[in-house]
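S.K.: Right, I'll just put the structure down here and ask away after.
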Amino acid sequence: MRRRFRLWRDLPAGRSAVLLAATALTLTACGSGAGGAAADAGPPQPGGTLVFAVSSDQGCADPQQVQSNDSIYSLRQVVDSLTDQDPSTGAIVPWLATRWSSNADATAWTFTLRPGVTFSDGAPVDAAAVKTNLDRAVQLGARGSLPKGYLAGYTGTDVTSPTEFTVRFAKPNVQFLQGTSTHSLGLLSPASAVRSDDERCGGVVGSGPFTLERYVKNDVTVLAKRAGYDWGSQLFTHPGEAWLDRAEFRVVPESGVRAGSVQSGEVDAIASVGQQDEAPLTGAGVQLPARPNPGLPFGITFNQGTPLGADAAVREAVSRGIDRNEVVAAVYPTQTRAATSPLASTTPSYADQSALVGYDPAAATAALDRAGWVPGPDGIRAKGGQRLTVPLTFAQNIGTTKPALELIQQQLRRIGIDVALREIQIAETQAVLDGGDFVAAWGNLTRADPDILRSTYGTDGTNRYRLPAGPLQAPLAEQAATVDPARRAALAGQAQKLLAERFDTAPVVELTTVLGVGPDAHGVAFDASSRIQLHDAWKSDAR
């Protein structure tokens, strides 16, 4: 079994690194790699094109502005990051940065870069380029919410030499280190970074193992191997250039068509494997590597700036009225888990809240009764002449979304709640949430750090769910400033409990990334966020 990681080098003496609390991130595939076992296929072969079918496209080819997994799969290959995160332990390891340290309160982070790295347009990957990226990231619009969250309180970057710089914050920012390992802070050539948001969505230049050769919105993304690449992550299993010559990501919305394509050999791998496709794929010799995504599970979160969102009884009834196990069994692949907390169970600092996050229709109806929501002739409740209709906004970013919501719609109708499904385009999601044009929204966010709770539910940031000030904010803010991993985990646990007690969100299902990988594809690796890394991928039949 090939491992995707090497032993982590200690940082030089005199340097201290703040690491994430290490938790075992379970894989249901072989190690952290997907695809055929290398021992069976022989040594890796260079060359060939790997064709990957995904279900959707976010409509943007800038890794700093995308949040949909289907878009991240391709764009992650175009950019390198300062650090990487071990998917097995959560440890932060070197990539473009060879060392780093923070001051005592995590308001300043100093990095040393590997020398000699270039972007594919020839520009050097130096401290000035990093500064350009960070300065520009905080100016991004709605599509750039992830990098802006990692840079909360950013005051600037001091360049002290071509290979050394210090990133400064107005307040403690422990989670920034993990942010440097993500695609969202993947580095762009300065010429790309300074372009407008929309211009960048047409395509960018990075320093990664692949270059962006062609992007056609809602159709295809084509990558080409970066000649001379020799500065990969410490987690990569071989040095130098990628094995593959090219990678092609085709948008194929229909689950059955994707499954048929990998079975026939038309494509080498597919994303978003549906439950109904598992048996046919396995029977055809297609492997189904899977990994649970850390971060926020898929669930329903209300806009508390609306009357329904501000009604705690309605929030409680929605959460307790959902039979999560039924949803998982009916809709999702067999490796999927029902949510048990506002954090997914693979996230560092996860705390089980299943006593509060669970199916209890009696408690749901009792909450509505106490709040004066009375059943009408058709069973739907009403109060003061207002029918209990919850408009639920969603984007069909994976094939399981609409079937899951239609089942939830049926479940909540049994307790007198009418759920009106409102579908929007993936590209509209951030603008809709930021603008507050919704009552309740379905979604998830992937991140292997508990600070995703603060960036999502904190009132001092975007606060797109319009939560009021309250006791939740203290542990969210304190964990962001706490260097000690045990103390930080305890604070994150407090925050999860408060979110569950107030029913600020109704987590439903932990997104599990399930791929279908054909017999000729090998070494497609999961990273710590359950996205893919193709540097070590190769094909038996190098075509």
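Each chain in the structure tokens gets a letter, A, B and so on, in the order shown; residues start at 1 in every chain, and ligands are counted from 1 in the order they appear.
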Pick out the residues sitting within 7 Å of Ile92 of chain A, and hand them over as a PyMOL selection string; count only C-alpha atoms, and ignore anything fewer than 3 positions along from it in its own chain.
M.R.: chain A and resi 19+83-86+178
S.K.: Go ahead and write the residues just picked, all heavy atoms, as a PDB file, in the first residue's frame.
M.R.:
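This is the output file selection24.pdb:
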ATOM      1  N   LEU A  19       0.829  23.768  15.661  1.00  0.00           N
ATOM      2  CA  LEU A  19       0.204  22.740  14.851  1.00  0.00           C
ATOM      3  C   LEU A  19      -1.247  22.567  15.257  1.00  0.00           C
ATOM      4  O   LEU A  19      -1.627  22.812  16.394  1.00  0.00           O
ATOM      5  CB  LEU A  19       0.944  21.401  15.008  1.00  0.00           C
ATOM      6  CG  LEU A  19       2.401  21.384  14.564  1.00  0.00           C
ATOM      7  CD1 LEU A  19       2.965  19.974  14.745  1.00  0.00           C
ATOM      8  CD2 LEU A  19       2.530  21.793  13.112  1.00  0.00           C
ATOM      9  N   THR A  83       2.165  25.726   2.817  1.00  0.00           N
ATOM     10  CA  THR A  83       2.276  24.506   3.612  1.00  0.00           C
ATOM     11  C   THR A  83       1.315  23.469   3.059  1.00  0.00           C
ATOM     12  O   THR A  83       0.505  23.746   2.186  1.00  0.00           O
ATOM     13  CB  THR A  83       1.938  24.766   5.092  1.00  0.00           C
ATOM     14  OG1 THR A  83       0.547  25.122   5.196  1.00  0.00           O
ATOM     15  CG2 THR A  83       2.796  25.871   5.690  1.00  0.00           C
ATOM     16  N   ASP A  84       1.401  22.268   3.611  1.00  0.00           N
ATOM     17  CA  ASP A  84       0.435  21.215   3.307  1.00  0.00           C
ATOM     18  C   ASP A  84      -0.018  20.624   4.635  1.00  0.00           C
ATOM     19  O   ASP A  84       0.614  20.862   5.675  1.00  0.00           O
ATOM     20  CB  ASP A  84       1.068  20.148   2.418  1.00  0.00           C
ATOM     21  CG  ASP A  84       0.045  19.374   1.587  1.00  0.00           C
ATOM     22  OD1 ASP A  84      -1.163  19.573   1.783  1.00  0.00           O
ATOM     23  OD2 ASP A  84       0.476  18.575   0.729  1.00  0.00           O
ATOM     24  N   GLN A  85      -1.112  19.858   4.613  1.00  0.00           N
ATOM     25  CA  GLN A  85      -1.649  19.264   5.838  1.00  0.00           C
ATOM     26  C   GLN A  85      -1.750  17.762   5.658  1.00  0.00           C
ATOM     27  O   GLN A  85      -2.356  17.280   4.699  1.00  0.00           O
ATOM     28  CB  GLN A  85      -3.025  19.848   6.176  1.00  0.00           C
ATOM     29  CG  GLN A  85      -3.577  19.371   7.518  1.00  0.00           C
ATOM     30  CD  GLN A  85      -4.870  20.058   7.902  1.00  0.00           C
ATOM     31  OE1 GLN A  85      -5.523  20.683   7.076  1.00  0.00           O
ATOM     32  NE2 GLN A  85      -5.247  19.956   9.163  1.00  0.00           N
ATOM     33  N   ASP A  86      -1.141  17.024   6.582  1.00  0.00           N
ATOM     34  CA  ASP A  86      -1.160  15.576   6.522  1.00  0.00           C
ATOM     35  C   ASP A  86      -2.587  15.084   6.747  1.00  0.00           C
ATOM     36  O   ASP A  86      -3.185  15.358   7.792  1.00  0.00           O
ATOM     37  CB  ASP A  86      -0.232  15.013   7.599  1.00  0.00           C
ATOM     38  CG  ASP A  86       0.008  13.526   7.447  1.00  0.00           C
ATOM     39  OD1 ASP A  86      -0.960  12.796   7.193  1.00  0.00           O
ATOM     40  OD2 ASP A  86       1.163  13.092   7.616  1.00  0.00           O
ATOM     41  N   GLN A 178      -3.157  26.771   9.259  1.00  0.00           N
ATOM     42  CA  GLN A 178      -3.839  25.748   8.483  1.00  0.00           C
ATOM     43  C   GLN A 178      -4.374  26.334   7.179  1.00  0.00           C
ATOM     44  O   GLN A 178      -4.380  25.658   6.138  1.00  0.00           O
ATOM     45  CB  GLN A 178      -4.980  25.128   9.299  1.00  0.00           C
ATOM     46  CG  GLN A 178      -5.586  23.866   8.694  1.00  0.00           C
ATOM     47  CD  GLN A 178      -6.691  24.136   7.680  1.00  0.00           C
ATOM     48  OE1 GLN A 178      -7.328  25.195   7.715  1.00  0.00           O
ATOM     49  NE2 GLN A 178      -6.932  23.187   6.787  1.00  0.00           N
TER      50      GLN A 178
END
S.K.: Report as a PyMOL selection string: the residues of segment 271-417 of chain A with a DSSP assignment of alpha helix (DSSP H), based on the backbone of this structure.
M.R.: chain A and resi 275-283+307-310+312-320+324-331+361-370+401-413
S.K.: Counting only C-alpha atoms, what is within 9 Å of segment 489-495 of chain A, bar same-chain residues fewer than 3 positions away, as a list in words?
M.R.: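 Returned residues: Ala21, Pro348, Ser349, Tyr350, Ala351, Asp352, Pro450, Asp451, Leu453, Arg454, Pro471, Leu472, Gln473, Ala474, Pro475, Leu476, Glu478, Gln479, Asp484, Pro485, Ala486, Leu498, Leu499 and Ala500 of chain A.
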S.K.: I need the strand (DSSP E or B) residues of segment 115-199 of chain A per DSSP on the backbone, written as a list in words.
M.R.: Thr118, Pro124, Tyr154, Thr155, Gly156, Thr157, Asp158, Val159, Thr160, Ser161, Glu164, Phe165, Thr166, Val167, Arg168, Phe169 and Leu188 of chain A
S.K.: Env of segment 69-82 of chain A: 6 Å cut, atoms = only C-alpha atoms, seq-sep filter 4 positions within chain, self excluded. Answer as an MDAnalysis selection string.
M.R.: chainID A and resid 54 57 63 95:97 180:181 183 186:187 206:208 210:211 532
S.K.: Using only C-alpha atoms, which residues sit within 8 Å of Tyr465 of chain A once same-chain residues fewer than 4 positions away are excluded, as a PyMOL selection string?
M.R.: chain A and resi 301-305+433+436+457
S.K.: Between atom CA of Asp62 of chain A and atom CA of Leu151 of chain A, what is the spacing in Å?
M.R.: 17.7 Å
S.K.: Would you write out, as a tab-separated table, a table of all residues in segment 122-175 of chain A that have an atom no more than 10 Å from an atom of segment 460-463 of chain A, listing for each the closest atom pair and the distance in Å to one decimal, considering only C-alpha atoms and ordering rows by chain and rising residue number?
M.R.:
residue	atom	partner	partner_atom	distance
A:Ala142	CA	A:Thr462	CA	10.0
A:Ser145	CA	A:Thr462	CA	8.5
A:Lys148	CA	A:Gly461	CA	9.8
A:Gly149	CA	A:Gly461	CA	8.1
A:Ala152	CA	A:Gly461	CA	8.1
A:Gly153	CA	A:Gly461	CA	9.8
S.K.: So the first atom is atom CA of Gln410 of chain A and the second is atom CA of Asp323 of chain A; what is the distance between them in Å, to one decimal place?
M.R.: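 Answer for the atom CA of Gln410 of chain A to atom CA of Asp323 of chain A separation: 10.5 Å.
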S.K.: Excluding segment 156-161 of chain A and residues on its chain fewer than 6 positions from it, collect all residues at most 7 Å away from it, counting only C-alpha atoms, and give them as a PDB file with C-alpha atoms, in the first residue's frame.
M.R.:
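Resulting contents of around07.pdb:
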ATOM      1  CA  ALA A 127       8.192  37.056  -0.560  1.00  0.00           C
ATOM      2  CA  ALA A 128       6.959  39.985  -2.657  1.00  0.00           C
ATOM      3  CA  LYS A 131       2.569  39.767  -0.176  1.00  0.00           C
ATOM      4  CA  ASP A 135      -2.946  41.939  -0.009  1.00  0.00           C
ATOM      5  CA  VAL A 167       2.276  38.217   7.984  1.00  0.00           C
ATOM      6  CA  ARG A 168       0.679  40.453  10.607  1.00  0.00           C
TER       7      ARG A 168
END
S.K.: Could you list, with a cut-off of 8 Å and counting only C-alpha atoms, the residues of segment 412-520 of chain A near segment 385-388 of chain A, each shown with its nearest atom pair and the distance in Å rounded to one decimal, rows sorted by chain and ascending number, as a tab-separated table?
M.R.:
residue	atom	partner	partner_atom	distance
A:Gly416	CA	A:Leu388	CA	7.5
A:Ile417	CA	A:Leu388	CA	5.7
A:Asp418	CA	A:Leu388	CA	6.1
S.K.: Output as a Markdown table one row per residue of segment 395-431 of chain A within 12 Å of segment 251-272 of chain A: the closest atom pair and its distance in Å to one decimal place, counting only C-alpha atoms, sorted by chain and residue number ascending.
M.R.:
| residue | atom | partner | partner_atom | distance |
| --- | --- | --- | --- | --- |
| A:Gln396 | CA | A:Pro253 | CA | 9.6 |
| A:Asn397 | CA | A:Pro253 | CA | 9.3 |
| A:Ile398 | CA | A:Ser272 | CA | 6.3 |
| A:Gly399 | CA | A:Ser255 | CA | 6.7 |
| A:Thr400 | CA | A:Ser272 | CA | 8.2 |
| A:Thr401 | CA | A:Ser272 | CA | 10.7 |
S.K.: Provide the atom CA of Thr132 of chain A to atom CA of Ala191 of chain A distance in Å, to one decimal place.
M.R.: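 Value for the atom CA of Thr132 of chain A-atom CA of Ala191 of chain A distance: 9.5 Å.
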S.K.: Could you give me, as a PyMOL selection string, the residues within 10 Å of Gly59 of chain A, counting only C-alpha atoms and dropping anything in the same chain fewer than 6 positions from it?
M.R.: chain A and resi 66+68+71+201-202+215-219+425-428
S.K.: Which residue gives the smallest distance to Val125 of chain A among A:Pro94, A:Pro361, A:Pro468, A:Pro162, with only C-alpha atoms counted?
M.R.: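 Smallest distance to Val125 of chain A is found for A:Pro162.
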